[in-house]
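A.B. asks: Input structure: structure07.tsv, which contains TSV, C-alpha atoms.
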```
chain	number	residue	atom	x	y	z
Y	1	MET	CA	24.52	-4.26	1.26
Y	2	LEU	CA	22.12	-4.86	4.19
Y	3	GLN	CA	25.05	-5.02	6.63
Y	4	ARG	CA	26.35	-1.70	5.32
Y	5	ALA	CA	22.89	-0.15	5.71
Y	6	ALA	CA	22.59	-1.50	9.27
Y	7	LYS	CA	25.93	0.13	10.17
Y	8	ASP	CA	24.93	3.50	8.68
Y	9	THR	CA	24.95	6.11	11.43
Y	10	SER	CA	22.85	8.67	9.59
Y	11	SER	CA	20.37	10.24	11.96
Y	12	LEU	CA	17.68	10.48	9.29
Y	13	ASP	CA	14.48	8.60	10.09
Y	14	LEU	CA	12.29	6.94	7.48
Y	15	SER	CA	10.25	10.03	6.60
Y	16	GLN	CA	13.40	12.19	6.33
Y	17	LEU	CA	15.06	9.63	4.05
Y	18	CYS	CA	12.05	9.56	1.75
Y	19	ALA	CA	11.89	13.35	1.65
Y	20	ALA	CA	15.60	13.56	0.81
Y	21	TRP	CA	15.25	11.05	-2.01
Y	22	ASN	CA	12.28	12.92	-3.46
Y	23	ARG	CA	14.41	16.06	-3.78
Y	24	GLY	CA	16.95	14.52	-6.12
Y	25	PRO	CA	18.44	11.38	-7.59
Y	26	THR	CA	19.85	8.74	-5.26
Y	27	PRO	CA	23.43	8.02	-6.34
Y	28	GLU	CA	23.40	4.40	-5.10
Y	29	ILE	CA	19.97	2.91	-5.66
Y	30	ASP	CA	20.94	-0.48	-4.20
Y	31	PHE	CA	22.29	1.08	-1.03
Y	32	GLY	CA	19.31	3.41	-0.85
Y	33	THR	CA	16.95	0.46	-1.06
Y	34	ALA	CA	18.90	-1.44	1.62
Y	35	LEU	CA	18.87	1.64	3.85
Y	36	LEU	CA	15.12	2.04	3.40
Y	37	TYR	CA	14.61	-1.65	4.25
Y	38	ASP	CA	16.77	-1.25	7.37
Y	39	ARG	CA	14.88	1.85	8.52
Y	40	VAL	CA	11.47	0.27	7.91
Y	41	LEU	CA	12.45	-2.74	10.03
Y	42	ARG	CA	13.72	-0.56	12.88
Y	43	ARG	CA	10.09	0.11	13.73
Y	44	ALA	CA	9.00	-2.61	16.13
Y	45	GLU	CA	5.59	-3.15	14.51
Y	46	ASN	CA	7.18	-3.61	11.07
Y	47	ARG	CA	9.78	-6.04	12.43
Y	48	ALA	CA	7.07	-8.02	14.26
Y	49	PHE	CA	5.03	-8.25	11.05
Y	50	LEU	CA	8.00	-9.50	9.01
Y	51	ASP	CA	8.93	-12.02	11.71
Y	52	ALA	CA	5.35	-13.35	11.74
Y	53	VAL	CA	5.34	-13.69	7.94
Y	54	LEU	CA	8.72	-15.43	7.88
Y	55	CYS	CA	7.74	-17.97	10.54
Y	56	GLY	CA	4.49	-18.77	8.74
Y	57	ALA	CA	2.19	-17.37	11.40
Y	58	THR	CA	-1.37	-16.88	10.33
Y	59	VAL	CA	-3.92	-14.42	11.59
Y	60	PRO	CA	-7.64	-14.94	11.09
Y	61	LEU	CA	-8.52	-12.02	8.85
Y	62	GLN	CA	-12.11	-12.87	7.89
Y	63	ASP	CA	-13.73	-10.95	10.72
Y	64	SER	CA	-11.23	-8.19	11.32
Y	65	VAL	CA	-10.21	-6.74	7.94
Y	66	SER	CA	-12.17	-4.98	5.21
Y	67	PHE	CA	-10.42	-5.26	1.86
Y	68	GLY	CA	-11.09	-2.50	-0.64
Y	69	ILE	CA	-9.77	-2.59	-4.18
Y	70	VAL	CA	-9.06	0.93	-5.45
Y	71	PRO	CA	-9.02	0.45	-9.21
Y	72	GLY	CA	-6.86	2.13	-11.78
Y	73	ALA	CA	-7.80	4.57	-14.50
Y	74	PHE	CA	-10.38	3.55	-17.10
Y	75	TYR	CA	-11.24	0.40	-15.16
Y	76	HIS	CA	-14.86	0.56	-16.39
Y	77	GLU	CA	-13.95	1.12	-20.02
Y	78	HIS	CA	-10.99	-1.27	-20.37
Y	79	LYS	CA	-11.61	-4.34	-18.21
Y	80	LYS	CA	-8.94	-6.43	-19.98
Y	81	THR	CA	-6.17	-4.28	-18.50
Y	82	GLY	CA	-6.70	-5.65	-15.01
Y	83	ALA	CA	-7.19	-2.16	-13.61
Y	84	ASP	CA	-10.55	-3.24	-12.18
Y	85	GLY	CA	-8.83	-5.54	-9.68
Y	86	ALA	CA	-10.98	-8.55	-10.61
Y	87	ARG	CA	-8.05	-10.98	-10.37
Y	88	VAL	CA	-7.01	-9.68	-6.96
Y	89	MET	CA	-10.61	-9.84	-5.79
Y	90	ASP	CA	-10.92	-13.45	-6.99
Y	91	VAL	CA	-7.83	-14.47	-4.99
Y	92	LEU	CA	-9.07	-12.75	-1.83
Y	93	ARG	CA	-12.49	-14.36	-2.17
Y	94	GLN	CA	-10.91	-17.80	-2.70
Y	95	LEU	CA	-9.14	-17.24	0.62
Y	96	GLY	CA	-12.51	-16.54	2.22
Y	97	LEU	CA	-11.86	-12.85	2.63
Y	98	GLY	CA	-14.55	-10.29	2.02
Y	99	THR	CA	-13.59	-7.67	-0.50
Y	100	GLU	CA	-15.19	-5.01	-2.61
Y	101	VAL	CA	-14.28	-2.43	-5.17
Y	102	VAL	CA	-14.11	1.08	-3.75
Y	103	PRO	CA	-16.44	2.90	-6.18
Y	104	VAL	CA	-14.08	5.63	-7.37
Y	105	ARG	CA	-14.72	7.26	-10.71
Y	106	SER	CA	-13.05	5.53	-13.62
Y	107	PHE	CA	-10.90	8.55	-14.37
Y	108	GLY	CA	-12.03	10.97	-11.72
Y	109	ARG	CA	-9.97	13.79	-10.31
Y	110	VAL	CA	-7.66	12.66	-7.51
Y	111	GLU	CA	-9.41	14.88	-4.94
Y	112	GLU	CA	-12.83	13.54	-5.94
Y	113	ASN	CA	-11.70	9.90	-5.74
Y	114	ALA	CA	-9.94	10.59	-2.43
Y	115	ALA	CA	-13.26	11.79	-0.96
Y	116	ILE	CA	-14.92	8.57	-2.15
Y	117	ILE	CA	-12.15	6.54	-0.49
Y	118	ARG	CA	-12.52	8.46	2.78
Y	119	ASP	CA	-16.27	7.77	2.70
Y	120	TRP	CA	-15.58	4.06	2.10
Y	121	LEU	CA	-13.17	3.98	5.03
Y	122	GLY	CA	-15.73	5.70	7.25
Y	123	ARG	CA	-18.33	3.05	6.42
Y	124	HIS	CA	-15.93	0.33	7.58
Y	125	GLU	CA	-15.25	1.60	11.09
Y	126	GLY	CA	-14.64	-1.11	13.63
Y	127	ARG	CA	-12.69	-3.19	11.12
Y	128	ARG	CA	-9.14	-2.71	9.93
Y	129	PRO	CA	-9.21	-1.39	6.37
Y	130	ALA	CA	-6.79	-2.78	3.82
Y	131	LEU	CA	-6.75	-0.81	0.61
Y	132	ILE	CA	-5.22	-2.45	-2.44
Y	133	ALA	CA	-4.49	0.29	-4.95
Y	134	LEU	CA	-3.94	-0.39	-8.62
Y	135	SER	CA	-2.08	2.11	-10.79
Y	136	LYS	CA	-3.79	5.53	-10.53
Y	137	GLY	CA	-5.64	4.24	-7.47
Y	138	ALA	CA	-2.41	4.68	-5.51
Y	139	ALA	CA	-2.48	8.45	-6.05
Y	140	ASP	CA	-6.14	8.50	-5.03
Y	141	CYS	CA	-5.30	6.57	-1.82
Y	142	LYS	CA	-2.34	8.77	-0.95
Y	143	THR	CA	-4.51	11.87	-1.26
Y	144	ALA	CA	-7.29	10.28	0.83
```
Hey, can you dump this file as structure tokens for me?
C.D. replies:
Amino acid sequence: MLQRAAKDTSSLDLSQLCAAWNRGPTPEIDFGTALLYDRVLRRAENRAFLDAVLCGATVPLQDSVSFGIVPGAFYHEHKKTGADGARVMDVLRQLGLGTEVVPVRSFGRVEENAAIIRDWLGRHEGRRPALIALSKGAADCKTA
């Protein structure tokens, strides 16, 4: 499937492919996924990242990245769901990486939570932000 995707001569770039798929159903989901993978890796920075991961390269992240967990809906009220990101935060801290919960509202409007995320990003200038969105947090991040 990946070979077929690599040979595809469609002139659509990654953003055009995504827009086309959002307009209607994709008849061949496996081929569509392979095509997306191929197009993502055509970008040099994406290919370099994958190559570094595959060869086991490590990058010291402690001083350069700010990890922010953007929790899911009702993360205050229902902690047992995992929407608060506590497990993810524990793993990151075990790796020696600083992380914090981005203080969005538990079930705030997307626009309101997006503003909170933008403020969080602004407070972390000078470091590369890495947002980890859980469930509804992904919509909040996309809007931010």
A.B. asks: Of the residues Y:Thr58, Y:Thr99, Y:Asn46, Y:Ser106, which is the one nearest to Pro71 (chain Y), using only C-alpha atoms?
C.D. replies: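 Residue with the minimum atom-to-atom distance to Pro71 (chain Y): Y:Ser106.
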A.B. asks: In Å, rounded to a single decimal, give me how far CA of Ala144 (chain Y) is from CA of Gly82 (chain Y).
C.D. replies: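 Value for the CA of Gly82 (chain Y)-CA of Ala144 (chain Y) distance: 22.5 Å.
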A.B. asks: Tell me, in Å to one decimal, how far CA of Arg4 (chain Y) is from CA of Ala48 (chain Y).
C.D. replies: 22.2 Å
A.B. asks: As a compact mmCIF listing (two decimals) with C-alpha atoms, in the frame of the given file, please: the residues near Phe74 (chain Y) (cut-off 12 Å, only C-alpha atoms, same-chain neighbours under 6 positions excluded).
C.D. replies:
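Full text of result.txt as output:
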```txt
# COMPACT_ATOMS: atom_id res chain seq x y z
CA LYS Y 80 -8.94 -6.43 -19.98
CA THR Y 81 -6.17 -4.28 -18.50
CA GLY Y 82 -6.70 -5.65 -15.01
CA ALA Y 83 -7.19 -2.16 -13.61
CA ASP Y 84 -10.55 -3.24 -12.18
CA GLY Y 85 -8.83 -5.54 -9.68
CA VAL Y 104 -14.08 5.63 -7.37
CA ARG Y 105 -14.72 7.26 -10.71
CA SER Y 106 -13.05 5.53 -13.62
CA PHE Y 107 -10.90 8.55 -14.37
CA GLY Y 108 -12.03 10.97 -11.72
CA LEU Y 134 -3.94 -0.39 -8.62
CA SER Y 135 -2.08 2.11 -10.79
CA LYS Y 136 -3.79 5.53 -10.53
CA GLY Y 137 -5.64 4.24 -7.47
```
A.B. asks: Can you measure CA of Leu131 (chain Y) to CA of Gly68 (chain Y) for me? One decimal in Å is fine.
C.D. replies: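 Going from CA of Leu131 (chain Y) over to CA of Gly68 (chain Y) covers 4.8 Å.
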A.B. asks: Select, from Y:Val65, Y:Val102, Y:Leu12, Y:Leu36, the residue with the minimum atom-to-atom distance to Asp119 (chain Y), counting only C-alpha atoms.
C.D. replies: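 That would be Y:Val102, the residue with the smallest distance to Asp119 (chain Y).
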A.B. asks: Taking into account all atoms listed in the file, which residue in the set Y:Ala133, Y:Ile117, Y:Ala34, Y:Ala57 is nearest to Met89 (chain Y)?
C.D. replies: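 That would be Y:Ala133, the residue with the smallest distance to Met89 (chain Y).
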A.B. asks: Write out as an MDAnalysis selection string the residues lying within 12 Å of Gly98 (chain Y), counting all atoms listed in the file and excluding same-chain residues fewer than 3 positions away.
C.D. replies: chainID Y and resid 61:69 88:95 101 127 129:130
A.B. asks: Selection from above, C-alpha atoms, as a PDB file, keeping the file's coordinate frame, can you write it?
C.D. replies:
```
ATOM      1  CA  LEU Y  61      -8.520 -12.020   8.850  1.00  0.00           C
ATOM      2  CA  GLN Y  62     -12.110 -12.870   7.890  1.00  0.00           C
ATOM      3  CA  ASP Y  63     -13.730 -10.950  10.720  1.00  0.00           C
ATOM      4  CA  SER Y  64     -11.230  -8.190  11.320  1.00  0.00           C
ATOM      5  CA  VAL Y  65     -10.210  -6.740   7.940  1.00  0.00           C
ATOM      6  CA  SER Y  66     -12.170  -4.980   5.210  1.00  0.00           C
ATOM      7  CA  PHE Y  67     -10.420  -5.260   1.860  1.00  0.00           C
ATOM      8  CA  GLY Y  68     -11.090  -2.500  -0.640  1.00  0.00           C
ATOM      9  CA  ILE Y  69      -9.770  -2.590  -4.180  1.00  0.00           C
ATOM     10  CA  VAL Y  88      -7.010  -9.680  -6.960  1.00  0.00           C
ATOM     11  CA  MET Y  89     -10.610  -9.840  -5.790  1.00  0.00           C
ATOM     12  CA  ASP Y  90     -10.920 -13.450  -6.990  1.00  0.00           C
ATOM     13  CA  VAL Y  91      -7.830 -14.470  -4.990  1.00  0.00           C
ATOM     14  CA  LEU Y  92      -9.070 -12.750  -1.830  1.00  0.00           C
ATOM     15  CA  ARG Y  93     -12.490 -14.360  -2.170  1.00  0.00           C
ATOM     16  CA  GLN Y  94     -10.910 -17.800  -2.700  1.00  0.00           C
ATOM     17  CA  LEU Y  95      -9.140 -17.240   0.620  1.00  0.00           C
ATOM     18  CA  VAL Y 101     -14.280  -2.430  -5.170  1.00  0.00           C
ATOM     19  CA  ARG Y 127     -12.690  -3.190  11.120  1.00  0.00           C
ATOM     20  CA  PRO Y 129      -9.210  -1.390   6.370  1.00  0.00           C
ATOM     21  CA  ALA Y 130      -6.790  -2.780   3.820  1.00  0.00           C
TER      22      ALA Y 130
END
```
A.B. asks: Skipping near chain neighbours, those fewer than 6 positions away, what residues fall within 7 Å of Ala114 (chain Y) using only C-alpha atoms, listed as a ChimeraX atom specification?
C.D. replies: /Y:140-141,143-144
A.B. asks: Tell me which of Y:Asn113, Y:Met1, Y:His76, Y:Gly122 sits closest to Thr33 (chain Y), counting all atoms listed in the file.
C.D. replies: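 Between Y:Asn113, Y:Met1, Y:His76, Y:Gly122, the residue approaching Thr33 (chain Y) most closely is Y:Met1.
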A.B. asks: If you count all atoms listed in the file, which residues fall within 12 Å of Tyr37 (chain Y), apart from same-chain ones fewer than 2 positions away, as a list in words?
C.D. replies: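 Contacts, with the query itself left out: Met1, Leu2, Gln3, Arg4, Ala5, Ala6, Asp13, Leu14, Leu17, Cys18, Asp30, Phe31, Gly32, Thr33, Ala34, Leu35, Arg39, Val40, Leu41, Arg42, Arg43, Asn46, Arg47 and Leu50 of chain Y.
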A.B. asks: Please rebuild region 96-109 of chain Y with N, CA and C atoms and give the result as a compact mmCIF listing (two decimals), in the frame of the given file.
C.D. replies:
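Wrote result_37.txt, looks like this:
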```txt
# COMPACT_ATOMS: atom_id res chain seq x y z
N GLY Y 96 -11.42 -16.75 1.26
CA GLY Y 96 -12.51 -16.54 2.22
C GLY Y 96 -12.56 -15.16 2.78
N LEU Y 97 -11.92 -14.22 2.12
CA LEU Y 97 -11.86 -12.85 2.63
C LEU Y 97 -12.84 -11.97 1.87
N GLY Y 98 -13.61 -11.22 2.63
CA GLY Y 98 -14.55 -10.29 2.02
C GLY Y 98 -13.81 -9.13 1.38
N THR Y 99 -14.23 -8.78 0.20
CA THR Y 99 -13.59 -7.67 -0.50
C THR Y 99 -14.59 -7.00 -1.41
N GLU Y 100 -14.33 -5.75 -1.69
CA GLU Y 100 -15.19 -5.01 -2.61
C GLU Y 100 -14.38 -3.95 -3.32
N VAL Y 101 -14.92 -3.51 -4.43
CA VAL Y 101 -14.28 -2.43 -5.17
C VAL Y 101 -14.73 -1.12 -4.54
N VAL Y 102 -13.77 -0.26 -4.23
CA VAL Y 102 -14.11 1.08 -3.75
C VAL Y 102 -14.60 1.84 -4.98
N PRO Y 103 -15.82 2.38 -4.95
CA PRO Y 103 -16.44 2.90 -6.18
C PRO Y 103 -15.94 4.28 -6.63
N VAL Y 104 -14.63 4.37 -6.86
CA VAL Y 104 -14.08 5.63 -7.37
C VAL Y 104 -14.50 5.80 -8.82
N ARG Y 105 -14.41 7.01 -9.30
CA ARG Y 105 -14.72 7.26 -10.71
C ARG Y 105 -13.61 6.69 -11.59
N SER Y 106 -13.99 6.22 -12.74
CA SER Y 106 -13.05 5.53 -13.62
C SER Y 106 -11.83 6.38 -13.97
N PHE Y 107 -12.03 7.63 -14.19
CA PHE Y 107 -10.90 8.55 -14.37
C PHE Y 107 -11.25 9.88 -13.73
N GLY Y 108 -11.66 9.78 -12.46
CA GLY Y 108 -12.03 10.97 -11.72
C GLY Y 108 -10.82 11.74 -11.24
N ARG Y 109 -11.04 12.98 -10.89
CA ARG Y 109 -9.97 13.79 -10.31
C ARG Y 109 -9.51 13.14 -9.01
```
